[in-house]
Amino acid sequence: MRILLIEDDAKICSFIVKGLEENGFAIDCAHDGEEGLYMAATSPYDLLIVDIMLPKKDGLTLIKELRPKKSSLPILILSAKRSVEEKVDGLQAGSDDYLTKPFAFAELLARVRALLRRGTNAPSNHTLVVGNLVLDQLSYTVTRNQKEIELKPKEFSILEYLMRYEGQVVTRTMLMEHVWNVQFDTSTNVVDVHMCRLRDKIDKNYEQKMIHTIRGVGYVLKK
């Protein structure tokens with residue numbers, strides 16, 4: 001999943017980026033409100049983390065201006081402002097959640113995952129389920145028919161993305177942007193190589209195949 005962090009404090013930014021990347025997320029950073037608004041409005045992100053006190057354009061103004069363009073984009077405010085009134089202002093501006101500084105990374109990660117789960121087929125607060133395939137985000141495990149499948153980090157991230165968009169075509173460009181956080185390069189077959197390995201682990205021992213190739217377009221995961 002691809003996240004945009006809009007934060008002007010370099011130490012906080014580095015801390016969050018390192019932690020989220022270790023948990024399989026692709027992260028971009030913007031260090032002022034104007035840059036953040038432009039990136040959020042023009043690139044596909046799955047979630048925004050926004051500080052309120054930003055140079056050039058404050059976080060609340062950024063969110064208010066972005067909401068008409070990205071009405072369903074989950075937004076988490078991260079701010080040193082702690083009063084009830086300030087939290088209410090943040091939520092009324094259009095954010096979905098509000099976390100005060102200082103914070104524990106475990107709580108930030110839990111809130112990020114909770115926001116990303118909205119609108120998915122998750123039956124609990126940390127799992128994705130498609131048919132007999134279950135992905136647990138907390139234990140970092142995948143099972144099919146209750147048999148555990150060992151996946152490498154990129155394979156896990158690809159499967160998580162496919163499961164979130166069950167039944168929808170996911171293009172190679174989308175995977176490059178949301179799993180590798182790079183622009184798609186037509187000369188590389190890295191997506192196809194990882195997808196081949198993932199399909200082998202998910203489908204090889206089952207008559208019913210779940211991962212399907214849409215020629216010239218991308219991939220789709222179906223029950």
# chains A, B, ... in the order shown; residues from 1 in each chain; ligands from 1

call {"tool": "residues_around", "arguments": {"residues": "segment 37-52 of chain A", "least_positions_apart": "2", "cutoff": "8 Å", "atoms": "only C-alpha atoms", "output": "number ranges by chain"}}
result
A: 1-8, 30, 33-35, 54, 58-60, 62, 66, 69-70, 73-79, 112, 115-116, 178

call {"tool": "closest_residue", "arguments": {"among": "A:Leu128, A:Met174, A:Ile211, A:Ala93", "to": "Arg199 of chain A", "atoms": "only C-alpha atoms"}}
result
A:Ile211

call {"tool": "select_by_dssp", "arguments": {"residues": "segment 94-210 of chain A", "states": "strand (DSSP E)", "output": "list in words"}}
result
Asp97, Tyr98, Leu99, Thr100, Thr127, Leu128, Val129, Val130, Leu133, Val134, Leu135, Asp136, Thr141, Val142, Thr143, Arg144, Lys147, Glu148, Ile149, Val170 and Thr171 of chain A

call {"tool": "closest_residue", "arguments": {"among": "A:Asp97, A:Glu177, A:Glu107, A:Asp136", "to": "Met163 of chain A", "atoms": "only C-alpha atoms"}}
result
A:Asp136

call {"tool": "residues_around", "arguments": {"residues": "Arg82 of chain A", "least_positions_apart": "2", "cutoff": "12 Å", "atoms": "only C-alpha atoms", "output": "list of chain:residue names"}}
result
A:Ile52, A:Ile77, A:Leu78, A:Ser79, A:Ala80, A:Val84, A:Glu85, A:Glu86, A:Lys87, A:Val88, A:Asp89, A:Gly90, A:Tyr98, A:Leu99, A:Thr100, A:Lys101, A:Pro102, A:Phe103

call {"tool": "write_last_selection", "arguments": {"atoms": "all heavy atoms", "output": "CSV table (one decimal), in the first residue's frame"}}
result
chain,number,residue,atom,x,y,z
A,52,ILE,N,-0.3,19.1,11.1
A,52,ILE,CA,-1.1,20.3,11.0
A,52,ILE,C,-0.3,21.6,10.8
A,52,ILE,O,-0.5,22.4,9.9
A,52,ILE,CB,-2.0,20.5,12.3
A,52,ILE,CG1,-3.1,19.5,12.3
A,52,ILE,CG2,-2.6,22.0,12.3
A,52,ILE,CD1,-4.1,19.7,13.5
A,77,ILE,N,-4.5,12.6,10.7
A,77,ILE,CA,-3.7,13.8,11.2
A,77,ILE,C,-2.8,13.4,12.3
A,77,ILE,O,-3.1,12.6,13.2
A,77,ILE,CB,-4.7,14.9,11.7
A,77,ILE,CG1,-5.4,15.6,10.5
A,77,ILE,CG2,-4.0,15.9,12.6
A,77,ILE,CD1,-6.4,16.7,11.0
A,78,LEU,N,-1.6,13.9,12.2
A,78,LEU,CA,-0.5,13.7,13.2
A,78,LEU,C,-0.1,15.0,13.7
A,78,LEU,O,0.5,15.8,12.9
A,78,LEU,CB,0.6,12.9,12.6
A,78,LEU,CG,1.7,12.3,13.5
A,78,LEU,CD1,1.1,11.3,14.4
A,78,LEU,CD2,2.8,11.7,12.6
A,79,SER,N,-0.4,15.4,15.0
A,79,SER,CA,-0.1,16.7,15.4
A,79,SER,C,0.2,16.8,16.9
A,79,SER,O,-0.2,16.0,17.7
A,79,SER,CB,-1.4,17.6,15.1
A,79,SER,OG,-1.2,18.9,15.6
A,80,ALA,N,1.0,17.9,17.2
A,80,ALA,CA,1.3,18.1,18.6
A,80,ALA,C,0.1,18.9,19.3
A,80,ALA,O,0.1,19.0,20.6
A,80,ALA,CB,2.5,19.0,18.7
A,84,VAL,N,-9.2,19.1,22.9
A,84,VAL,CA,-10.4,18.5,22.3
A,84,VAL,C,-10.9,19.4,21.1
A,84,VAL,O,-11.3,18.8,20.0
A,84,VAL,CB,-11.6,18.4,23.3
A,84,VAL,CG1,-12.9,17.9,22.6
A,84,VAL,CG2,-11.2,17.4,24.4
A,85,GLU,N,-10.9,20.7,21.3
A,85,GLU,CA,-11.3,21.6,20.2
A,85,GLU,C,-10.4,21.4,19.0
A,85,GLU,O,-11.0,21.4,17.8
A,85,GLU,CB,-11.2,23.0,20.7
A,85,GLU,CG,-12.3,23.4,21.8
A,85,GLU,CD,-11.8,22.9,23.2
A,85,GLU,OE1,-10.7,22.4,23.3
A,85,GLU,OE2,-12.7,23.0,24.1
A,86,GLU,N,-9.1,21.3,19.2
A,86,GLU,CA,-8.2,21.1,18.0
A,86,GLU,C,-8.5,19.8,17.3
A,86,GLU,O,-8.4,19.7,16.1
A,86,GLU,CB,-6.8,21.3,18.5
A,86,GLU,CG,-6.4,22.7,18.9
A,86,GLU,CD,-5.1,22.8,19.7
A,86,GLU,OE1,-4.8,21.8,20.4
A,86,GLU,OE2,-4.5,23.9,19.6
A,87,LYS,N,-8.7,18.8,18.1
A,87,LYS,CA,-9.0,17.5,17.5
A,87,LYS,C,-10.3,17.5,16.7
A,87,LYS,O,-10.4,17.0,15.6
A,87,LYS,CB,-9.1,16.4,18.5
A,87,LYS,CG,-7.8,16.1,19.2
A,87,LYS,CD,-8.0,15.0,20.3
A,87,LYS,CE,-6.7,14.7,21.0
A,87,LYS,NZ,-6.9,13.7,22.0
A,88,VAL,N,-11.3,18.2,17.2
A,88,VAL,CA,-12.6,18.4,16.5
A,88,VAL,C,-12.4,19.2,15.2
A,88,VAL,O,-13.0,18.8,14.2
A,88,VAL,CB,-13.6,19.1,17.4
A,88,VAL,CG1,-14.9,19.5,16.6
A,88,VAL,CG2,-14.0,18.2,18.6
A,89,ASP,N,-11.6,20.2,15.3
A,89,ASP,CA,-11.3,21.0,14.1
A,89,ASP,C,-10.7,20.1,13.0
A,89,ASP,O,-11.0,20.2,11.8
A,89,ASP,CB,-10.4,22.1,14.4
A,89,ASP,CG,-11.0,23.2,15.2
A,89,ASP,OD1,-12.3,23.3,15.2
A,89,ASP,OD2,-10.3,24.1,15.8
A,90,GLY,N,-9.8,19.2,13.4
A,90,GLY,CA,-9.1,18.3,12.5
A,90,GLY,C,-10.1,17.4,11.8
A,90,GLY,O,-10.1,17.2,10.6
A,98,TYR,N,-7.2,11.1,14.2
A,98,TYR,CA,-6.3,12.1,14.7
A,98,TYR,C,-5.4,11.5,15.8
A,98,TYR,O,-5.9,10.9,16.8
A,98,TYR,CB,-7.2,13.2,15.4
A,98,TYR,CG,-6.5,14.5,15.7
A,98,TYR,CD1,-6.7,15.7,15.0
A,98,TYR,CD2,-5.5,14.6,16.8
A,98,TYR,CE1,-6.1,16.9,15.3
A,98,TYR,CE2,-4.9,15.8,17.1
A,98,TYR,CZ,-5.2,17.0,16.3
A,98,TYR,OH,-4.6,18.2,16.7
A,99,LEU,N,-4.1,11.6,15.6
A,99,LEU,CA,-3.1,11.0,16.6
A,99,LEU,C,-2.2,12.2,17.0
A,99,LEU,O,-1.7,12.9,16.2
A,99,LEU,CB,-2.3,9.9,15.9
A,99,LEU,CG,-1.3,9.2,16.8
A,99,LEU,CD1,-1.9,8.5,18.0
A,99,LEU,CD2,-0.5,8.2,15.9
A,100,THR,N,-2.1,12.3,18.4
A,100,THR,CA,-1.2,13.4,18.9
A,100,THR,C,0.2,12.9,19.1
A,100,THR,O,0.5,11.8,19.4
A,100,THR,CB,-1.8,13.8,20.3
A,100,THR,OG1,-1.9,12.7,21.2
A,100,THR,CG2,-3.2,14.4,20.1
A,101,LYS,N,1.1,13.9,19.0
A,101,LYS,CA,2.5,13.7,19.3
A,101,LYS,C,2.8,14.0,20.7
A,101,LYS,O,2.1,14.9,21.3
A,101,LYS,CB,3.4,14.6,18.4
A,101,LYS,CG,3.2,14.5,16.9
A,101,LYS,CD,4.0,15.5,16.2
A,101,LYS,CE,3.9,15.5,14.7
A,101,LYS,NZ,4.6,16.6,14.0
A,102,PRO,N,3.7,13.3,21.4
A,102,PRO,CA,4.5,12.2,20.9
A,102,PRO,C,3.6,10.9,20.8
A,102,PRO,O,2.5,10.8,21.5
A,102,PRO,CB,5.6,12.0,21.9
A,102,PRO,CG,5.0,12.5,23.2
A,102,PRO,CD,4.1,13.7,22.8
A,103,PHE,N,4.0,9.9,20.0
A,103,PHE,CA,3.1,8.8,19.8
A,103,PHE,C,4.0,7.5,19.8
A,103,PHE,O,5.2,7.6,19.5
A,103,PHE,CB,2.4,8.9,18.5
A,103,PHE,CG,3.2,9.0,17.3
A,103,PHE,CD1,3.7,7.9,16.6
A,103,PHE,CD2,3.6,10.3,16.9
A,103,PHE,CE1,4.6,8.1,15.5
A,103,PHE,CE2,4.5,10.5,15.8
A,103,PHE,CZ,4.9,9.4,15.1

call {"tool": "select_by_dssp", "arguments": {"residues": "segment 16-211 of chain A", "states": "alpha helix (DSSP H)", "output": "ChimeraX atom specification"}}
result
/A:16-22,33-42,59-66,84-93,105-117,153-164,172-175,190-203

call {"tool": "closest_atom_pairs", "arguments": {"of": "segment 59-159 of chain A", "to": "segment 200-209 of chain A", "cutoff": "9 Å", "atoms": "only C-alpha atoms", "output": "tab-separated table"}}
result
residue	atom	partner	partner_atom	distance
A:Leu133	CA	A:Ile202	CA	8.5
A:Thr143	CA	A:Ile202	CA	8.9
A:Arg144	CA	A:Ile202	CA	7.6
A:Ile149	CA	A:Lys201	CA	6.9
A:Glu150	CA	A:Lys201	CA	8.0
A:Leu151	CA	A:Lys201	CA	7.9

call {"tool": "atom_distance", "arguments": {"atom1": "atom CA of Ala104 of chain A", "atom2": "atom CA of Ile12 of chain A"}}
result
11.7 Å
